[in-house]
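Source file: start_13.cif; contents: mmCIF, C-alpha atoms.
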data_query
loop_
_atom_site.label_atom_id
_atom_site.label_comp_id
_atom_site.auth_asym_id
_atom_site.auth_seq_id
_atom_site.Cartn_x
_atom_site.Cartn_y
_atom_site.Cartn_z
CA MET A 10 211.70 -109.43 -8.96
CA THR A 11 211.92 -113.21 -9.39
CA ARG A 12 214.29 -114.94 -11.78
CA VAL A 13 211.32 -116.24 -13.78
CA THR A 14 210.04 -112.68 -14.29
CA VAL A 15 213.47 -111.45 -15.38
CA TRP A 16 213.90 -114.22 -17.92
CA GLY A 17 210.32 -113.75 -19.08
CA ARG A 18 210.99 -110.09 -19.82
CA ARG A 19 214.24 -110.89 -21.55
CA GLY A 20 212.51 -113.49 -23.64
CA PHE A 21 209.78 -111.04 -24.60
CA ILE A 22 212.34 -108.39 -25.58
CA ALA A 23 214.28 -110.96 -27.60
CA VAL A 24 211.13 -111.94 -29.50
CA VAL A 25 210.29 -108.30 -30.21
CA LEU A 26 213.84 -107.60 -31.42
CA LEU A 27 213.77 -110.70 -33.61
CA PHE A 28 210.45 -109.62 -35.13
CA CYS A 29 211.77 -106.11 -35.78
CA CYS A 30 214.90 -107.46 -37.45
CA ALA A 31 212.86 -109.81 -39.63
CA TRP A 32 210.49 -106.99 -40.61
CA CYS A 33 213.39 -104.68 -41.46
CA ALA A 34 215.04 -107.35 -43.60
CA ALA A 35 211.82 -108.09 -45.50
CA TYR A 36 210.93 -104.43 -46.01
CA LEU A 37 214.47 -103.62 -47.12
CA GLY A 38 214.17 -106.44 -49.65
CA GLN A 39 211.07 -104.77 -51.09
CA TRP A 40 212.92 -101.46 -51.43
CA ILE A 41 215.88 -103.12 -53.14
CA LEU A 42 213.52 -104.78 -55.59
CA ARG A 43 211.75 -101.48 -56.26
CA TRP A 44 215.08 -99.73 -56.90
CA ARG A 45 216.09 -102.42 -59.38
CA ALA A 46 212.64 -102.35 -61.00
CA GLU A 47 212.89 -98.58 -61.52
CA LYS A 48 216.29 -98.95 -63.20
CA LEU A 49 215.04 -101.80 -65.39
CA LEU A 50 211.90 -99.87 -66.38
CA VAL A 51 214.00 -96.92 -67.58
CA GLU A 52 216.04 -99.26 -69.78
CA ILE A 53 212.95 -100.92 -71.25
CA GLN A 54 211.39 -97.50 -71.88
CA SER A 55 214.51 -96.45 -73.79
CA LEU A 56 214.21 -99.26 -76.36
CA GLN A 57 212.67 -98.42 -79.73
CA VAL A 58 210.68 -101.10 -81.51
CA ASN A 59 211.95 -101.71 -85.07
CA HIS A 60 214.98 -99.46 -84.40
CA SER A 61 216.93 -100.77 -81.40
CA THR A 62 219.25 -103.67 -82.20
CA TRP A 63 220.98 -106.57 -80.47
CA ALA A 64 223.93 -104.25 -79.83
CA ASP A 65 221.61 -102.10 -77.69
CA VAL A 66 220.16 -104.92 -75.59
CA GLU A 67 223.18 -107.19 -75.14
CA PRO A 68 224.79 -104.86 -72.52
CA LEU A 69 221.42 -104.66 -70.74
CA LEU A 70 221.31 -108.44 -70.35
CA ALA A 71 224.93 -108.57 -69.24
CA ARG A 72 224.31 -106.00 -66.48
CA TRP A 73 221.20 -107.63 -65.05
CA LYS A 74 222.43 -111.21 -65.35
CA LYS A 75 224.59 -110.69 -62.25
CA ILE A 76 221.67 -109.96 -59.92
CA GLY A 77 218.47 -111.02 -61.71
CA GLU A 78 216.94 -114.05 -63.35
CA ILE A 79 217.31 -114.13 -67.14
CA SER A 80 214.85 -116.05 -69.30
CA LYS A 81 215.48 -116.85 -72.97
CA ASN A 82 212.97 -118.52 -75.29
CA CYS A 83 213.89 -118.86 -78.95
CA ALA A 84 211.73 -119.83 -81.93
CA PRO A 85 213.08 -120.43 -85.44
CA ASP A 86 212.88 -116.73 -86.38
CA ASP A 87 213.13 -114.78 -83.09
CA CYS A 88 214.16 -114.88 -79.41
CA VAL A 89 212.28 -113.55 -76.38
CA TYR A 90 214.39 -112.35 -73.44
CA GLU A 91 213.15 -111.45 -69.96
CA VAL A 92 214.83 -110.00 -66.87
CA ILE A 93 212.93 -111.11 -63.76
CA PHE A 94 213.05 -110.01 -60.13
CA ARG A 95 211.01 -111.57 -57.32
CA HIS A 96 210.44 -111.03 -53.61
CA VAL A 97 208.14 -113.76 -52.34
CA LEU A 98 207.14 -114.28 -48.71
CA PRO A 99 206.66 -117.81 -47.29
CA PRO A 100 203.16 -119.32 -47.80
CA SER A 101 202.39 -118.98 -44.09
CA LEU A 102 202.75 -115.20 -44.45
CA ARG A 103 201.01 -114.90 -47.82
CA GLY A 104 197.84 -116.74 -46.79
CA TYR A 105 195.79 -119.79 -47.79
CA THR A 106 192.46 -120.15 -49.57
CA ASP A 107 191.30 -123.31 -47.75
CA ASN A 108 187.84 -123.19 -46.20
CA GLY A 109 187.88 -122.19 -42.56
CA VAL A 110 191.40 -120.73 -42.61
CA GLN A 111 191.34 -117.31 -40.92
CA ASN A 112 194.80 -116.21 -42.11
CA TYR A 113 195.42 -114.19 -38.95
CA LEU A 114 199.18 -113.84 -39.48
CA PRO A 115 198.90 -112.86 -43.18
CA ARG A 116 196.30 -110.23 -42.21
CA VAL A 117 198.80 -108.74 -39.78
CA ILE A 118 201.54 -108.87 -42.41
CA ASN A 119 199.27 -107.02 -44.86
CA ARG A 120 198.91 -104.17 -42.36
CA ILE A 121 202.62 -103.62 -41.63
CA GLY A 122 203.80 -102.91 -45.16
CA LEU A 123 205.00 -106.39 -46.16
CA ARG A 124 203.86 -108.16 -49.32
CA SER A 125 205.02 -110.56 -52.00
CA VAL A 126 206.12 -109.40 -55.42
CA ALA A 127 205.65 -112.44 -57.63
CA GLY A 128 207.49 -110.74 -60.44
CA VAL A 129 208.84 -107.56 -61.95
CA ILE A 130 209.60 -108.45 -65.55
CA GLY A 131 211.28 -106.45 -68.29
CA GLY A 132 211.41 -108.13 -71.68
CA PHE A 133 212.02 -107.73 -75.37
CA THR A 134 211.92 -109.77 -78.57
CA VAL A 135 214.77 -109.78 -81.08
CA LYS A 136 214.19 -110.83 -84.68
CA SER A 137 216.98 -110.73 -87.26
CA GLY A 138 219.01 -108.58 -84.89
CA VAL A 139 216.26 -105.96 -84.39
CA VAL A 140 214.00 -105.40 -81.37
CA THR A 141 210.40 -106.08 -82.48
CA GLN A 142 208.75 -105.94 -79.05
CA ARG A 143 209.45 -104.45 -75.61
CA SER A 144 207.45 -105.14 -72.46
CA PHE A 145 207.25 -104.55 -68.74
CA ALA A 146 205.10 -106.22 -66.08
CA GLU A 147 204.50 -106.04 -62.35
CA ILE A 148 202.77 -108.68 -60.20
CA VAL A 149 202.26 -107.62 -56.58
CA SER A 150 200.11 -109.38 -53.99
CA LEU A 151 196.76 -108.13 -52.74
CA PRO A 152 195.83 -108.39 -49.03
CA VAL A 153 193.92 -111.56 -48.19
CA ARG A 154 190.85 -109.59 -47.12
CA VAL A 155 190.12 -108.56 -50.74
CA TRP A 156 190.98 -111.81 -52.56
CA PHE A 157 187.31 -112.49 -53.38
CA ASP A 158 185.97 -108.93 -53.64
CA ARG A 159 185.62 -108.99 -57.44
CA GLY A 160 182.32 -110.77 -57.75
CA GLY A 161 183.58 -113.76 -55.79
CA ALA A 162 186.44 -114.47 -58.22
CA TYR A 163 189.78 -115.38 -56.67
CA VAL A 164 192.17 -112.48 -57.40
CA PRO A 165 195.29 -112.72 -55.17
CA ASP A 166 197.50 -110.28 -57.10
CA LEU A 167 197.55 -107.08 -59.06
CA SER A 168 199.06 -108.25 -62.34
CA VAL A 169 199.74 -105.55 -64.93
CA GLY A 170 201.68 -105.87 -68.17
CA SER A 171 202.30 -103.48 -71.05
CA SER A 172 204.05 -104.14 -74.35
CA GLU A 173 204.83 -102.35 -77.57
CA LYS A 174 205.16 -104.59 -80.60
CA ASP A 175 205.33 -104.32 -84.34
CA GLN A 176 201.85 -105.79 -84.93
CA PHE A 177 198.77 -107.02 -83.07
CA ASN A 178 198.03 -110.72 -82.73
CA ARG A 179 194.68 -112.54 -82.87
CA PHE A 180 194.04 -112.00 -79.13
CA ASP A 181 194.31 -108.22 -79.37
CA ARG A 182 190.80 -106.76 -79.72
CA HIS A 183 191.48 -103.11 -80.44
CA PHE A 184 188.93 -100.34 -80.10
CA TYR A 185 191.60 -97.82 -81.15
CA PRO A 186 193.77 -98.41 -84.22
CA TYR A 187 197.11 -98.58 -82.42
CA ARG A 188 196.39 -99.50 -78.78
CA THR A 189 194.32 -102.00 -76.84
CA ALA A 190 193.78 -103.39 -73.34
CA ARG A 191 192.17 -106.49 -71.88
CA ASN A 192 191.92 -108.56 -68.71
CA MET A 193 194.01 -111.70 -68.48
CA LYS A 194 191.06 -113.83 -67.32
CA GLY A 195 187.73 -112.70 -65.93
CA PRO A 196 188.41 -109.77 -63.57
CA TYR A 197 192.05 -110.80 -63.12
CA GLY A 198 194.97 -108.81 -64.49
CA LEU A 199 195.49 -106.08 -67.06
CA ILE A 200 197.32 -106.48 -70.38
CA VAL A 201 198.05 -103.42 -72.53
CA THR A 202 199.38 -103.60 -76.08
CA PHE A 203 200.27 -100.76 -78.44
CA LEU A 204 202.03 -100.25 -81.75
CA PRO A 205 204.92 -97.95 -82.75
CA GLN A 206 202.47 -95.91 -84.85
CA GLU A 207 200.74 -94.69 -81.68
CA GLN A 208 201.38 -91.09 -80.58
CA ALA A 209 204.58 -90.66 -78.58
CA GLY A 210 202.80 -89.22 -75.53
CA ILE A 211 200.34 -92.11 -75.37
CA ARG A 212 203.12 -94.68 -75.80
CA THR A 213 204.95 -93.08 -72.88
CA ALA A 214 201.84 -93.09 -70.67
CA LEU A 215 201.08 -96.74 -71.47
CA MET A 216 204.54 -97.73 -70.17
CA ASP A 217 204.49 -95.38 -67.16
CA PHE A 218 204.38 -97.86 -64.26
CA ARG A 219 203.96 -96.53 -60.70
CA LEU A 220 206.26 -98.83 -58.75
CA TYR A 221 205.39 -97.47 -55.29
CA CYS A 222 202.91 -100.35 -54.88
CA ILE A 223 205.95 -102.52 -54.07
CA THR A 224 206.90 -100.51 -50.98
CA ARG A 225 203.87 -98.43 -50.01
CA PHE A 226 202.88 -99.14 -46.40
CA SER A 227 199.19 -99.42 -47.23
CA PRO A 228 198.70 -101.91 -50.11
CA CYS A 229 197.49 -100.92 -53.56
CA LEU A 230 194.07 -102.38 -54.37
CA SER A 231 193.59 -101.74 -58.09
CA GLU A 232 195.50 -102.00 -61.36
CA GLU A 233 194.85 -98.31 -61.90
CA GLU A 234 197.31 -97.51 -59.12
CA ILE A 235 200.07 -99.29 -61.06
CA LEU A 236 199.29 -98.17 -64.63
CA PRO A 237 196.65 -95.40 -64.69
CA GLU A 238 196.55 -94.91 -68.45
CA GLY A 239 196.28 -98.67 -69.02
CA ALA A 240 193.32 -98.98 -66.65
CA LYS A 241 191.64 -96.04 -68.40
CA LEU A 242 192.18 -97.70 -71.78
CA LEU A 243 190.61 -100.93 -70.49
CA GLN A 244 187.47 -99.04 -69.45
CA GLU A 245 187.26 -97.39 -72.87
CA THR A 246 187.85 -100.66 -74.74
CA TYR A 247 185.06 -102.53 -72.92
#

Will you turn the file into C-alpha cells for me?
Amino acid sequence: MTRVTVWGRRGFIAVVLLFCCAWCAAYLGQWILRWRAEKLLVEIQSLQVNHSTWADVEPLLARWKKIGEISKNCAPDDCVYEVIFRHVLPPSLRGYTDNGVQNYLPRVINRIGLRSVAGVIGGFTVKSGVVTQRSFAEIVSLPVRVWFDRGGAYVPDLSVGSSEKDQFNRFDRHFYPYRTARNMKGPYGLIVTFLPQEQAGIRTALMDFRLYCITRFSPCLSEEEILPEGAKLLQETY
C-alpha cells in the first residue's frame, strides 16, 4: 500500500468523522431546543388570562433570561413580553431561492434530520399587573423541495401561533363566538386566537403544540402536524 493511499484513506476517515461530529452537534442542538420549548410551553399553558398576575410571570422571565432571548415591548397601558429560542443553520445549509440553484447540500441536510427552527416563542401581555394575553408559536423550516408546492407561493417554513386574549381585535374574523383561525398571508402560516370564555377543553386543544417537528428525522410538511386542532379550526372558519 503506497503512502498516498494511506493518507488518502486517513483523510477520508477524518472527513467522515468531522461530518458525524458536526451532525451530532447540530442534532443535539435541536433536541436541546425542543426540551426547552416543552418546558416553556407548559409554563405558558399554566397562565390564566385575566387571573394570573405579574407575580406569576416575573419568576418565569427570570428563569428563562439566563438561556433564552427576552423581548419586551411596552405601550402606555401594557407590556408585551416574549421568551425566544432559535436554532438556525447557515444559509448554505438552509437553501437559496435564486433561479438555477439546485440546493444539493440543503436537500441532503433535509434528509438526515437537520433543520432550522427560526423561533419557538412563548409570550404574554401584562396590563395593570394582570396577564391579559398568553401566546405560543413555533416556526420550523420546510425542506427546499416543497417550498413552492402551495400553488407556487413561496412557503419556506411551518409557522404556527396560538394566543388566548381578553378580546378579539379587528383582524380576527370569527366564525365561532370565542375562537378563530386564519393564515398569516396567502397560504403561509396559521394564527389561532381564542377567548377565556371558550370551553376549557377547546382552549387546551388550541394550545396543544406537537413539538416533535423540531427533532423528527423526517420533516413535518403541514401546520396540522404542529397544532391539529388549530388546523381543523382554520378549515371550519374558511

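The result of the PyMOL selection byres ((chain A and resi 233) around 10) on the shown file is Leu167, Val169, Leu199, Phe218, Arg219, Cys229, Leu230, Ser231, Glu232, Glu234, Ile235, Leu236, Pro237, Glu238, Gly239, Ala240, Lys241 and Leu243 of chain A.
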
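Among the candidates A:Ile93, A:Ala146, A:Cys88, A:Val153, the one nearest to A:Leu215 when counting all atoms listed in the file is A:Ala146.
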
If you apply the PyMOL selection byres ((chain A and resi 72-76) around 10) to this file, what residues do you get, as an MDAnalysis selection string? chainID A and resid 45 49 67:71 77:80 92:94

Residues matched by the PyMOL selection byres ((chain A and resi 36-43) around 7), written as a list in words: Trp32, Cys33, Ala34, Ala35, Trp44, Arg45, Ala46, Glu47, Phe94, His96, Leu123, Leu220, Ile223 and Thr224 of chain A

Could you write out the selected residues, including C-alpha atoms, as an mmCIF file, keeping the file's coordinate frame?
data_model
loop_
_atom_site.group_PDB
_atom_site.id
_atom_site.type_symbol
_atom_site.label_atom_id
_atom_site.label_comp_id
_atom_site.auth_asym_id
_atom_site.auth_seq_id
_atom_site.Cartn_x
_atom_site.Cartn_y
_atom_site.Cartn_z
ATOM 1 C CA TRP A 32 210.490 -106.990 -40.610
ATOM 2 C CA CYS A 33 213.390 -104.680 -41.460
ATOM 3 C CA ALA A 34 215.040 -107.350 -43.600
ATOM 4 C CA ALA A 35 211.820 -108.090 -45.500
ATOM 5 C CA TRP A 44 215.080 -99.730 -56.900
ATOM 6 C CA ARG A 45 216.090 -102.420 -59.380
ATOM 7 C CA ALA A 46 212.640 -102.350 -61.000
ATOM 8 C CA GLU A 47 212.890 -98.580 -61.520
ATOM 9 C CA PHE A 94 213.050 -110.010 -60.130
ATOM 10 C CA HIS A 96 210.440 -111.030 -53.610
ATOM 11 C CA LEU A 123 205.000 -106.390 -46.160
ATOM 12 C CA LEU A 220 206.260 -98.830 -58.750
ATOM 13 C CA ILE A 223 205.950 -102.520 -54.070
ATOM 14 C CA THR A 224 206.900 -100.510 -50.980
#

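Relative to atom CA of A:Val51, atom CA of A:Arg225 is found at 20.3 Å.
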
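Across the structure, atom CA of A:Ile130 and atom CA of A:Asp86 are spaced 22.7 Å apart.
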
Exercise: A:Phe145 partners within 6 Å, all atoms listed in the file, chain neighbours under 4 positions left out, as a PDB file with C-alpha atoms, in the frame of the given file:
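Saved as result-v2.pdb:
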ATOM      1  CA  ILE A 130     209.600-108.450 -65.550  1.00  0.00           C
ATOM      2  CA  GLY A 131     211.280-106.450 -68.290  1.00  0.00           C
ATOM      3  CA  GLY A 170     201.680-105.870 -68.170  1.00  0.00           C
ATOM      4  CA  SER A 171     202.300-103.480 -71.050  1.00  0.00           C
TER       5      SER A 171
END

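Using only C-alpha atoms, the shortest contact distance between A:Leu242 and any of A:Lys48, A:Arg159, A:Arg124, A:Arg191 is found at A:Arg191.
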
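The coordinates place atom CA of A:Asn82 at 14.8 Å from atom CA of A:Ser137.
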
Show me the residues around (215.8, -107.3, -82.5) - criterion: an atom at most 10 Å away, all atoms listed in the file counted - as a ChimeraX atom specification. /A:57-66,87-89,133-143

Tell me which protein, DNA and RNA residues are within 6 Å of A:Tyr197, counting all atoms listed in the file, leaving out same-chain ones fewer than 3 positions away, and put them as a compact mmCIF listing (two decimals) with C-alpha atoms, in the frame of the given file.
# COMPACT_ATOMS: atom_id res chain seq x y z
CA VAL A 164 192.17 -112.48 -57.40
CA MET A 193 194.01 -111.70 -68.48
CA LYS A 194 191.06 -113.83 -67.32

Within 12 Å of A:Leu151, counting only C-alpha atoms, which residues qualify if same-chain residues fewer than 2 places away don't, as number ranges by chain? A: 103-104, 115-116, 118-120, 122-127, 148-149, 153-158, 163-168, 197-198, 222-223, 227-232

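Here the question is which of A:Ala84, A:Pro152, A:Cys29, A:Ile211 gets nearest to A:Phe226 using all atoms listed in the file, and that residue is A:Pro152.
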
Please put the answer as AutoDock Vina command-line options: centre and edge lengths, in Å with one decimal, of a box along x, y and z that encloses all listed atoms of stretch 181-197 of chain A plus 8 Å on each side.
--center_x 192.4 --center_y -105.8 --center_z -73.7 --size_x 25.4 --size_y 32.0 --size_z 37.1

Pick from A:Thr246, A:Gln206, A:Ser150, A:Asn192 nearest to A:Gln176, counting all atoms listed in the file: A:Gln206

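Remark: for A:Ala162, the closest of the candidate residues A:Leu98, A:Pro196, A:Gln111, A:Tyr90 is A:Pro196 (distances computed over only C-alpha atoms).
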